[in-house]
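Student: See upload-v1.cif below, with mmCIF, C-alpha atoms and all ligand atoms.
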```cif
data_data
loop_
_atom_site.label_atom_id
_atom_site.label_comp_id
_atom_site.auth_asym_id
_atom_site.auth_seq_id
_atom_site.Cartn_x
_atom_site.Cartn_y
_atom_site.Cartn_z
CA MET C 25 18.14 -14.13 -8.77
CA LYS C 26 16.87 -11.35 -11.05
CA ILE C 27 14.02 -9.27 -9.59
CA LEU C 28 11.83 -7.06 -11.76
CA LEU C 29 10.57 -4.22 -9.53
CA ILE C 30 7.68 -2.15 -10.89
CA GLY C 31 6.80 1.26 -9.40
CA ALA C 32 10.24 2.02 -7.99
CA GLN C 33 9.45 5.69 -7.37
CA GLY C 34 6.40 5.08 -5.19
CA GLN C 35 6.47 5.04 -1.38
CA VAL C 36 6.76 1.25 -1.14
CA GLY C 37 8.69 0.84 -4.40
CA PHE C 38 11.38 3.28 -3.33
CA GLN C 39 11.94 1.41 -0.06
CA LEU C 40 11.90 -1.90 -1.92
CA GLN C 41 14.91 -0.81 -3.96
CA ARG C 42 16.88 -0.79 -0.71
CA SER C 43 15.24 -3.80 0.97
CA LEU C 44 15.47 -6.11 -2.05
CA ALA C 45 19.00 -5.09 -3.00
CA CYS C 46 20.65 -7.93 -1.04
CA LEU C 47 18.39 -10.63 -2.45
CA GLY C 48 19.59 -10.46 -6.02
CA GLN C 49 19.99 -8.33 -9.11
CA LEU C 50 17.32 -5.63 -9.27
CA HIS C 51 15.77 -4.39 -12.50
CA SER C 52 13.71 -1.39 -11.37
CA THR C 53 11.18 0.45 -13.51
CA THR C 54 9.26 3.69 -13.08
CA ARG C 55 6.51 5.20 -15.20
CA LEU C 56 9.24 6.52 -17.54
CA ASP C 57 10.43 2.97 -18.37
CA LEU C 58 7.05 1.28 -18.41
CA ASP C 59 3.60 2.84 -18.68
CA LEU C 60 1.25 0.38 -17.05
CA SER C 61 -1.68 1.41 -19.22
CA ASP C 62 0.20 -0.19 -22.14
CA ILE C 63 -0.50 -3.92 -21.98
CA SER C 64 1.84 -4.92 -24.80
CA ALA C 65 4.68 -2.93 -23.16
CA ILE C 66 4.15 -4.96 -19.95
CA ARG C 67 4.38 -8.20 -21.91
CA SER C 68 7.48 -7.22 -23.86
CA LEU C 69 9.32 -5.87 -20.81
CA THR C 70 8.78 -9.06 -18.82
CA ASN C 71 9.78 -11.17 -21.82
CA ASP C 72 12.94 -9.07 -22.37
CA VAL C 73 14.07 -8.87 -18.73
CA LYS C 74 13.39 -12.57 -18.05
CA PRO C 75 13.12 -12.08 -14.27
CA ASP C 76 13.03 -14.83 -11.64
CA LEU C 77 10.51 -12.79 -9.65
CA ILE C 78 8.20 -9.82 -10.28
CA VAL C 79 7.41 -7.32 -7.51
CA ASN C 80 4.65 -4.89 -8.43
CA ALA C 81 4.57 -1.83 -6.16
CA ALA C 82 2.87 0.44 -8.71
CA ALA C 83 -0.76 1.45 -8.34
CA TYR C 84 -3.26 4.19 -9.03
CA THR C 85 -3.57 5.49 -5.44
CA ALA C 86 -5.47 8.78 -5.80
CA VAL C 87 -8.59 7.55 -4.01
CA ASP C 88 -10.91 10.49 -4.74
CA LYS C 89 -9.66 11.07 -8.29
CA ALA C 90 -10.30 7.39 -9.07
CA GLU C 91 -14.05 8.09 -8.80
CA GLN C 92 -13.62 10.20 -11.98
CA GLU C 93 -10.72 8.47 -13.75
CA THR C 94 -12.43 5.10 -13.45
CA GLU C 95 -10.98 3.49 -16.55
CA LEU C 96 -7.38 4.57 -15.85
CA ALA C 97 -7.63 3.31 -12.26
CA ARG C 98 -8.91 -0.04 -13.60
CA GLN C 99 -6.07 -0.29 -16.09
CA ILE C 100 -3.39 0.25 -13.44
CA ASN C 101 -4.98 -1.56 -10.47
CA THR C 102 -6.75 -4.45 -12.20
CA ILE C 103 -5.54 -5.01 -15.77
CA ALA C 104 -1.81 -4.44 -15.20
CA PRO C 105 -1.63 -6.89 -12.24
CA ALA C 106 -3.62 -9.38 -14.33
CA ILE C 107 -1.01 -9.15 -17.09
CA PHE C 108 1.86 -9.51 -14.59
CA ALA C 109 0.12 -12.58 -13.18
CA GLU C 110 -0.41 -14.04 -16.65
CA GLN C 111 3.29 -13.46 -17.43
CA ALA C 112 4.35 -14.92 -14.08
CA LYS C 113 2.32 -18.05 -14.76
CA LYS C 114 3.73 -18.32 -18.30
CA LEU C 115 7.35 -17.84 -17.16
CA ALA C 116 6.78 -20.04 -14.06
CA ILE C 117 7.98 -17.27 -11.71
CA PRO C 118 6.31 -15.78 -8.62
CA LEU C 119 4.59 -12.41 -8.33
CA VAL C 120 4.57 -10.15 -5.25
CA HIS C 121 1.79 -7.57 -5.18
CA TYR C 122 0.20 -5.09 -2.74
CA SER C 123 -3.41 -4.36 -1.90
CA THR C 124 -5.40 -2.33 0.56
CA ASP C 125 -7.74 -2.17 3.55
CA TYR C 126 -10.11 -0.29 1.20
CA VAL C 127 -11.25 -3.67 -0.22
CA PHE C 128 -13.42 -3.86 2.91
CA ASP C 129 -16.59 -1.95 3.73
CA GLY C 130 -15.47 -1.07 7.27
CA SER C 131 -18.54 -2.54 8.94
CA LYS C 132 -16.79 -5.12 11.16
CA ASN C 133 -16.35 -4.47 14.89
CA SER C 134 -12.94 -6.15 15.10
CA PRO C 135 -9.82 -6.27 12.86
CA TRP C 136 -10.31 -7.75 9.40
CA ILE C 137 -8.87 -11.18 8.58
CA GLU C 138 -7.88 -12.35 5.12
CA THR C 139 -10.95 -14.55 4.61
CA ASP C 140 -13.49 -11.87 5.59
CA VAL C 141 -16.00 -10.93 2.92
CA THR C 142 -14.84 -7.89 0.93
CA GLY C 143 -17.07 -5.01 -0.06
CA PRO C 144 -15.21 -2.00 -1.41
CA LEU C 145 -16.89 1.38 -0.93
CA SER C 146 -14.76 3.20 -3.52
CA HIS C 147 -13.71 2.64 -7.12
CA TYR C 148 -10.07 2.51 -5.94
CA GLY C 149 -11.00 -0.29 -3.51
CA LEU C 150 -12.96 -2.13 -6.20
CA THR C 151 -10.14 -1.97 -8.77
CA LYS C 152 -7.62 -3.15 -6.14
CA LEU C 153 -9.92 -6.05 -5.21
CA GLU C 154 -10.28 -7.04 -8.85
CA GLY C 155 -6.48 -6.93 -9.17
CA GLU C 156 -6.20 -9.41 -6.29
CA GLN C 157 -8.82 -11.65 -7.87
CA ALA C 158 -7.03 -11.65 -11.24
CA ILE C 159 -3.82 -12.80 -9.54
CA LEU C 160 -5.61 -15.57 -7.62
CA GLU C 161 -7.36 -16.73 -10.81
CA SER C 162 -4.12 -16.83 -12.81
CA GLU C 163 -2.82 -19.52 -10.43
CA CYS C 164 0.69 -18.09 -10.51
CA ASP C 165 2.79 -18.39 -7.34
CA HIS C 166 2.16 -15.17 -5.44
CA LEU C 167 2.19 -13.11 -2.27
CA ILE C 168 -0.38 -10.33 -1.95
CA PHE C 169 0.22 -8.00 1.00
CA ARG C 170 -2.85 -5.97 1.97
CA THR C 171 -1.58 -2.94 3.85
CA SER C 172 -3.09 0.31 5.14
CA TRP C 173 -2.56 4.04 5.65
CA VAL C 174 0.95 4.01 4.11
CA TYR C 175 3.26 6.94 4.79
CA ASP C 176 6.90 7.93 4.48
CA ARG C 177 9.03 11.06 4.44
CA ARG C 178 8.66 11.22 0.66
CA GLY C 179 5.61 10.81 -1.53
CA HIS C 180 1.91 11.65 -1.37
CA ASN C 181 0.57 10.64 2.02
CA PHE C 182 -1.28 11.88 5.11
CA LEU C 183 1.94 12.71 6.99
CA ASN C 184 3.13 15.08 4.27
CA THR C 185 -0.35 16.55 3.84
CA MET C 186 -0.43 17.35 7.58
CA LEU C 187 3.08 18.87 7.57
CA ARG C 188 2.11 21.05 4.60
CA LEU C 189 -1.20 22.14 6.16
CA ALA C 190 0.61 22.94 9.42
CA GLU C 191 2.46 25.71 7.59
CA GLU C 192 -0.75 27.15 6.19
CA ARG C 193 -3.46 26.80 8.83
CA ASP C 194 -4.08 27.49 12.55
CA GLN C 195 -6.83 24.87 12.88
CA LEU C 196 -7.62 21.61 11.12
CA ASN C 197 -10.79 19.53 11.17
CA ILE C 198 -9.86 15.85 10.97
CA VAL C 199 -12.18 12.83 10.98
CA ASP C 200 -12.02 10.85 14.20
CA ASP C 201 -14.41 8.00 13.42
CA GLN C 202 -12.34 6.17 10.79
CA LEU C 203 -10.02 3.70 12.56
CA GLY C 204 -6.87 2.17 11.13
CA THR C 205 -3.14 1.73 11.51
CA PRO C 206 -0.58 3.99 9.83
CA THR C 207 2.12 1.83 8.24
CA TRP C 208 5.62 3.01 7.27
CA SER C 209 6.49 1.98 3.71
CA ARG C 210 9.97 0.89 4.82
CA HIS C 211 8.51 -1.84 7.00
CA ILE C 212 6.31 -3.09 4.15
CA ALA C 213 9.44 -3.37 2.03
CA ASP C 214 11.40 -5.04 4.86
CA VAL C 215 8.69 -7.65 5.46
CA THR C 216 8.60 -8.35 1.72
CA ALA C 217 12.37 -8.92 1.62
CA GLN C 218 12.39 -11.04 4.79
CA ALA C 219 9.56 -13.24 3.55
CA LEU C 220 11.35 -13.67 0.21
CA ALA C 221 14.61 -14.52 2.00
CA GLN C 222 12.82 -17.64 3.29
CA VAL C 223 12.15 -18.97 -0.22
CA ASN C 224 15.47 -20.75 -0.73
CA LYS C 225 15.26 -22.58 2.59
CA ASP C 226 11.94 -24.16 1.72
CA GLU C 227 11.19 -26.11 -1.46
CA SER C 228 7.46 -25.93 -0.92
CA PHE C 229 7.50 -22.20 -0.07
CA TRP C 230 5.15 -21.06 -2.83
CA LYS C 231 2.82 -24.01 -2.54
CA ARG C 232 2.43 -23.44 1.19
CA ASN C 233 2.47 -19.68 1.27
CA SER C 234 0.86 -18.32 -1.91
CA GLY C 235 -2.04 -16.13 -0.82
CA ILE C 236 -3.18 -12.87 0.72
CA TYR C 237 -1.60 -11.46 3.92
CA HIS C 238 -2.66 -8.52 6.04
CA LEU C 239 0.36 -6.35 6.77
CA SER C 240 -0.03 -3.28 8.91
CA ALA C 241 1.79 -1.83 11.90
CA THR C 242 0.74 -2.74 15.45
CA GLY C 243 -1.80 -0.63 17.31
CA GLN C 244 -4.65 1.55 16.14
CA THR C 245 -5.76 5.14 15.84
CA SER C 246 -8.03 7.47 13.89
CA TRP C 247 -6.92 9.97 11.25
CA LYS C 248 -7.30 12.61 13.98
CA GLY C 249 -5.06 10.52 16.29
CA PHE C 250 -2.51 10.15 13.49
CA ALA C 251 -2.55 13.94 12.91
CA GLU C 252 -2.13 14.66 16.63
CA ALA C 253 0.82 12.25 16.87
CA ILE C 254 2.45 13.94 13.87
CA PHE C 255 1.98 17.42 15.37
CA LYS C 256 3.24 16.34 18.80
CA LEU C 257 6.51 15.23 17.24
CA ALA C 258 6.65 18.25 14.93
CA GLU C 259 6.17 20.60 17.88
CA LYS C 260 9.08 18.97 19.74
CA ASP C 261 11.07 19.76 16.63
CA GLY C 262 10.24 23.44 17.06
CA ARG C 263 7.69 23.66 14.25
CA ARG C 264 4.44 25.60 14.45
CA VAL C 265 1.48 23.26 14.64
CA PRO C 266 -2.27 23.79 14.22
CA LYS C 267 -5.04 22.96 16.65
CA VAL C 268 -6.80 19.72 15.66
CA ASN C 269 -10.58 19.42 15.92
CA GLY C 270 -12.13 15.95 15.70
CA ILE C 271 -15.09 15.68 13.31
CA PRO C 272 -17.30 12.83 12.10
CA THR C 273 -16.87 11.52 8.54
CA THR C 274 -20.27 13.03 7.72
CA ASP C 275 -18.75 16.50 8.23
CA TYR C 276 -15.92 15.81 5.73
CA PRO C 277 -17.60 14.92 2.43
CA THR C 278 -15.27 13.37 -0.16
CA PRO C 279 -15.95 11.90 -3.64
CA ALA C 280 -14.86 8.43 -2.45
CA LYS C 281 -16.31 6.74 0.62
CA ARG C 282 -13.76 5.32 3.12
CA PRO C 283 -14.23 2.39 5.54
CA LEU C 284 -14.92 3.29 9.18
CA ASN C 285 -12.97 0.26 10.39
CA SER C 286 -9.73 -0.33 8.47
CA LEU C 287 -8.04 -2.37 11.23
CA MET C 288 -6.25 -5.48 10.02
CA ASP C 289 -5.43 -8.66 11.89
CA ASN C 290 -1.82 -9.61 11.07
CA SER C 291 -1.79 -13.10 12.66
CA LYS C 292 -1.48 -14.95 9.34
CA LEU C 293 1.71 -13.02 8.51
CA GLN C 294 3.15 -13.99 11.89
CA GLN C 295 2.10 -17.63 11.51
CA HIS C 296 3.53 -18.12 8.01
CA PHE C 297 6.70 -16.02 8.18
CA GLY C 298 7.30 -15.23 11.86
CA LEU C 299 7.16 -11.52 10.99
CA GLN C 300 5.44 -8.59 12.67
CA LEU C 301 5.62 -4.82 12.54
CA PRO C 302 6.34 -2.49 15.48
CA ASP C 303 3.79 -0.13 16.98
CA TRP C 304 2.81 2.66 14.54
CA GLN C 305 3.81 5.40 17.03
CA GLN C 306 7.35 4.00 17.32
CA SER C 307 7.70 3.96 13.53
CA LEU C 308 6.31 7.47 13.18
CA GLN C 309 8.95 8.66 15.64
CA TRP C 310 11.72 7.04 13.54
CA VAL C 311 10.36 8.59 10.36
CA MET C 312 10.05 12.07 11.88
CA GLN C 313 13.58 11.84 13.31
CA SER C 314 15.10 10.70 10.01
N1 LIG C 401 -0.65 4.73 -0.15
C1 LIG C 401 -1.39 4.08 0.73
O1 LIG C 401 -1.86 4.63 1.72
C2 LIG C 401 -1.66 2.62 0.54
C3 LIG C 401 -1.18 1.91 -0.54
N2 LIG C 401 -1.49 0.59 -0.69
C4 LIG C 401 -1.01 -0.17 -1.83
O2 LIG C 401 0.40 -0.32 -1.67
C5 LIG C 401 1.06 -0.30 -2.94
C6 LIG C 401 2.12 0.76 -2.95
O3 LIG C 401 1.49 2.02 -2.74
P1 LIG C 401 2.32 3.37 -2.56
O4 LIG C 401 3.77 3.08 -2.62
O5 LIG C 401 1.75 4.09 -1.42
O6 LIG C 401 1.85 4.13 -3.89
P2 LIG C 401 2.43 5.46 -4.54
O7 LIG C 401 1.26 6.21 -5.06
O8 LIG C 401 3.39 6.10 -3.64
O9 LIG C 401 3.26 4.87 -5.76
C7 LIG C 401 2.64 4.23 -6.82
C8 LIG C 401 3.58 4.28 -8.00
O10 LIG C 401 2.88 3.75 -9.12
C9 LIG C 401 3.24 4.51 -10.24
N3 LIG C 401 2.25 4.50 -11.31
C10 LIG C 401 0.98 4.97 -11.29
N4 LIG C 401 0.44 4.88 -12.51
C11 LIG C 401 1.38 4.35 -13.33
C12 LIG C 401 1.43 4.05 -14.72
N5 LIG C 401 0.38 4.28 -15.53
N6 LIG C 401 2.57 3.52 -15.22
C13 LIG C 401 3.63 3.31 -14.41
N7 LIG C 401 3.65 3.60 -13.11
C14 LIG C 401 2.54 4.12 -12.57
C15 LIG C 401 3.36 5.92 -9.71
O11 LIG C 401 4.14 6.66 -10.61
P3 LIG C 401 4.09 8.28 -10.57
O12 LIG C 401 4.80 8.65 -9.31
O13 LIG C 401 4.79 8.66 -11.81
O14 LIG C 401 2.63 8.62 -10.55
C16 LIG C 401 4.01 5.70 -8.36
O15 LIG C 401 5.41 5.77 -8.43
C17 LIG C 401 -0.07 -0.12 -3.96
O16 LIG C 401 -0.49 -1.37 -4.43
C18 LIG C 401 -1.19 0.52 -3.16
O17 LIG C 401 -2.47 0.26 -3.71
C19 LIG C 401 -2.26 -0.08 0.21
C20 LIG C 401 -2.75 0.56 1.31
C21 LIG C 401 -2.46 1.96 1.58
C1 LIG C 402 -6.56 16.50 4.55
C2 LIG C 402 -7.66 16.03 5.46
C3 LIG C 402 -8.15 14.74 5.38
N1 LIG C 402 -9.13 14.33 6.20
C4 LIG C 402 -9.61 12.93 6.13
C5 LIG C 402 -10.12 12.46 4.77
C6 LIG C 402 -9.94 10.97 4.86
O1 LIG C 402 -11.09 10.39 5.48
C7 LIG C 402 -8.75 10.81 5.77
C8 LIG C 402 -7.47 10.42 5.04
O2 LIG C 402 -7.32 11.23 3.93
P1 LIG C 402 -6.29 10.93 2.76
O3 LIG C 402 -6.88 11.41 1.49
O4 LIG C 402 -4.95 11.41 3.13
O5 LIG C 402 -6.21 9.37 2.78
P2 LIG C 402 -6.60 8.30 1.69
O6 LIG C 402 -6.14 8.76 0.37
O7 LIG C 402 -8.00 7.88 1.84
O8 LIG C 402 -5.63 7.14 2.21
C9 LIG C 402 -5.79 5.87 1.67
O9 LIG C 402 -4.97 5.75 0.53
C10 LIG C 402 -5.17 4.55 -0.15
C11 LIG C 402 -4.20 4.53 -1.33
C12 LIG C 402 -5.17 3.35 0.70
O10 LIG C 402 -4.98 2.24 0.21
C13 LIG C 402 -5.64 3.46 2.13
O11 LIG C 402 -5.05 2.49 2.96
C14 LIG C 402 -5.44 4.83 2.71
O12 LIG C 402 -4.10 5.05 3.12
O13 LIG C 402 -8.56 12.06 6.43
C15 LIG C 402 -9.69 15.18 7.15
O14 LIG C 402 -10.61 14.78 7.89
N2 LIG C 402 -9.22 16.46 7.24
C16 LIG C 402 -8.24 16.93 6.42
O15 LIG C 402 -7.84 18.12 6.53
MG MG C 403 -4.92 10.05 -0.73
#
```
What does this structure look like when you write it as structure tokens?
Ligand SMILES: NC(=O)C1=CN([C@@H]2O[C@H](COP(=O)(O)OP(=O)(O)OC[C@H]3O[C@@H](n4cnc5c(N)ncnc54)[C@H](OP(=O)(O)O)[C@@H]3O)[C@@H](O)[C@H]2O)C=CC1
Ligand SMILES: Cc1cn([C@H]2C[C@H](O)[C@@H](COP(=O)(O)OP(=O)(O)O[C@H]3O[C@@H](C)C(=O)[C@@H](O)[C@H]3O)O2)c(=O)[nH]c1=O
Ligand SMILES: [Mg+2]

Tutor:
Amino acid sequence: MKILLIGAQGQVGFQLQRSLACLGQLHSTTRLDLDLSDISAIRSLTNDVKPDLIVNAAAYTAVDKAEQETELARQINTIAPAIFAEQAKKLAIPLVHYSTDYVFDGSKNSPWIETDVTGPLSHYGLTKLEGEQAILESECDHLIFRTSWVYDRRGHNFLNTMLRLAEERDQLNIVDDQLGTPTWSRHIADVTAQALAQVNKDESFWKRNSGIYHLSATGQTSWKGFAEAIFKLAEKDGRRVPKVNGIPTTDYPTPAKRPLNSLMDNSKLQQHFGLQLPDWQQSLQWVMQS
């Protein structure tokens, strides 16, 4: 099997290079090989590579900047996935894609399920939602994993922001009324590979399983709770850590609005693939020790 992996230098894409390696021959691209704002380049690359599967881990993920760079965010998060889906349908191959908790408005009092009504608060969330919709409308075989609060040792993420700020500041004000679940990019990649490993055993795999899946770690916290867990582990490691003050979202104005409740119910993932992620604190410990 030949797998075309897009976004191989991102948090999830980088881990996918490792996780997908045993499933087949990988053709990985980064921004240098394929600029996703170039529609004709997307079409010619997929036609040239002739993959058996496309995995798109690229995205415009700068949530606040997306409020300004609206058109670029739309090109990467909506148009590019639409073209991949169109190509997948044309070549009769499946597409794996990732989306976000930010498609929701955060108003629910319990974890979000896949069929809940969406209502993005930010332009990033809107463009990601429209990317999902384009894939569904294309009617290609697909898996869309909606994940949340992704972090890793490398890349732009909350963990690395906190470790950087710890060097610079004695105190940090962190919002404590946005709830969610930090999810290690390695586990997103592992779930992707383990779900795909089930394809060959099941002739009706795509017919039965095409759709959206929530995919986050187990447990829940706030951004303040995430920061405190990071600093607890960093302190054990002998690093200097700042004092963390909890603040409401209203005291931390940002260009993009974020959902108050980002919690995701992962039952559908368990039901279809028998897969689940460990508790977020366990994963954070592994990441910090690595
Ligand atoms: N990060 C998070 O917290 C969350 C992410 N997700 C979703 O998960 C998926 C993976 O995200 P994650 O790995 O964190 O994202 P990253 O931001 O780490 O990686 C995204 C990759 O996309 C690439 N990219 C951006 N624009 C272009 C372009 N014009 N042409 C080619 N490549 C481009 C980036 O390249 P470059 O490095 O050169 O900019 C980067 O390597 C995405 O669909 C995202 O929306 C969902 C929930 C949470
Ligand atoms: C740096 C900092 C952030 N915050 C708040 C702002 C925000 O509400 C929250 C998280 O900030 P960040 O900008 O790191 O996170 P953000 O970019 O909103 O993270 C999101 O990224 C996209 C791609 C997703 O899909 C989401 O799942 C989510 O992971 O923490 C503080 O309260 N204090 C601080 O010092
Ligand atoms: Mg961010």

Student: Could you list, with a cut-off of 12 Å and counting only C-alpha atoms, the residues of segment 63-172 of chain C near segment 177-181 of chain C, each shown with its nearest atom pair and the distance in Å rounded to one decimal, rows sorted by chain and ascending number, as a Markdown table?

Tutor:
```
| residue | atom | partner | partner_atom | distance |
| --- | --- | --- | --- | --- |
| C:Tyr84 | CA | C:His180 | CA | 11.9 |
| C:Thr85 | CA | C:His180 | CA | 9.2 |
| C:Ala86 | CA | C:His180 | CA | 9.1 |
| C:Val87 | CA | C:Asn181 | CA | 11.4 |
| C:Ser172 | CA | C:Asn181 | CA | 11.4 |
```

Student: Kindly provide, as a PyMOL selection string, all nucleotide and amino acid residues lying within 7 Å of ligand LIG 401 (chain C), counting all atoms listed in the file.

Tutor: chain C and resi 31-37+54-55+58-61+81-85+100+121-125+152+170-175+179-181+209

Student: Hey, can you check how far atom CA of Phe169 of chain C sits from atom CA of Glu156 of chain C?

Tutor: 9.8 Å

Student: Return the single residue from C:Glu138, C:Asp201, C:Asp129, C:Glu154 that is closest to Arg98 of chain C, with distances computed using all atoms listed in the file.

Tutor: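 Closest candidate: C:Glu154.
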
Student: From the list C:Gly298, C:Pro118, C:Gly262, C:Gly149, which residue is nearest ligand LIG 402 (chain C) when using all atoms listed in the file?

Tutor: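 The answer is C:Gly149, which sits nearest to ligand LIG 402 (chain C).
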
Student: Write out as a PyMOL selection string the residues lying within 7 Å of segment 69-75 of chain C, counting all atoms listed in the file and excluding same-chain residues fewer than 2 positions away.

Tutor: chain C and resi 26-28+65-67+77-78

Student: Report, in Å to a single decimal, how far apart atom CA of Leu160 of chain C and atom CA of Ile137 of chain C are.

Tutor: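 So the answer is 17.1 Å.
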
Student: For Val127 of chain C, which residue out of C:Thr142, C:Ser307, C:Gln92, C:Gln294 is the nearest one, using all atoms listed in the file?

Tutor: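 Checking each candidate against Val127 of chain C, we get C:Thr142 as the closest.
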
Student: Between C:Pro277, C:Pro144, C:Gly235, C:Pro272, which one has atoms that come closest to Ile168 of chain C, using all atoms listed in the file?

Tutor: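 Distance minimum relative to Ile168 of chain C lands on C:Gly235.
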
Student: Provide an axis-aligned box for all listed atoms of ligand LIG 402 (chain C), padding each side by 6 Å; report its centre and its edge lengths in Å to one decimal, as JSON.

Tutor:
```
{"center_x": -7.6, "center_y": 10.2, "center_z": 3.3, "size_x": 19.0, "size_y": 27.9, "size_z": 21.2}
```

Student: Counting only C-alpha atoms, write as a ChimeraX atom specification all protein and nucleic acid residues lying at most 6 Å from (3.5, -1.0, 15.5) in the file's frame.

Tutor: /C:241-243,301-304

Student: Distance atom CA of Leu284 of chain C-atom CA of Ala251 of chain C, one decimal place?

Tutor: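 Separation of atom CA of Leu284 of chain C and atom CA of Ala251 of chain C: 16.7 Å.
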
Student: Tell me which protein, DNA and RNA residues are within 8 Å of Gln41 of chain C, counting only C-alpha atoms, leaving out same-chain ones fewer than 3 positions away, and put them as a list of chain:residue names.

Tutor: C:Leu29, C:Ala32, C:Gly37, C:Phe38, C:Leu44, C:Ala45, C:Leu50, C:Ser52

Student: Got time to write the residues from that selection, C-alpha atoms, as a CSV table (one decimal), in the coordinates of the input?

Tutor:
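File out_30.csv, as written:
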```csv
chain,number,residue,atom,x,y,z
C,29,LEU,CA,10.6,-4.2,-9.5
C,32,ALA,CA,10.2,2.0,-8.0
C,37,GLY,CA,8.7,0.8,-4.4
C,38,PHE,CA,11.4,3.3,-3.3
C,44,LEU,CA,15.5,-6.1,-2.0
C,45,ALA,CA,19.0,-5.1,-3.0
C,50,LEU,CA,17.3,-5.6,-9.3
C,52,SER,CA,13.7,-1.4,-11.4
```

Student: Do you know which residues are at most 6 Å from segment 267-271 of chain C counting only C-alpha atoms, after dropping those on the same chain fewer than 5 positions away, and could you put them as an MDAnalysis selection string?

Tutor: chainID C and resid 195:200
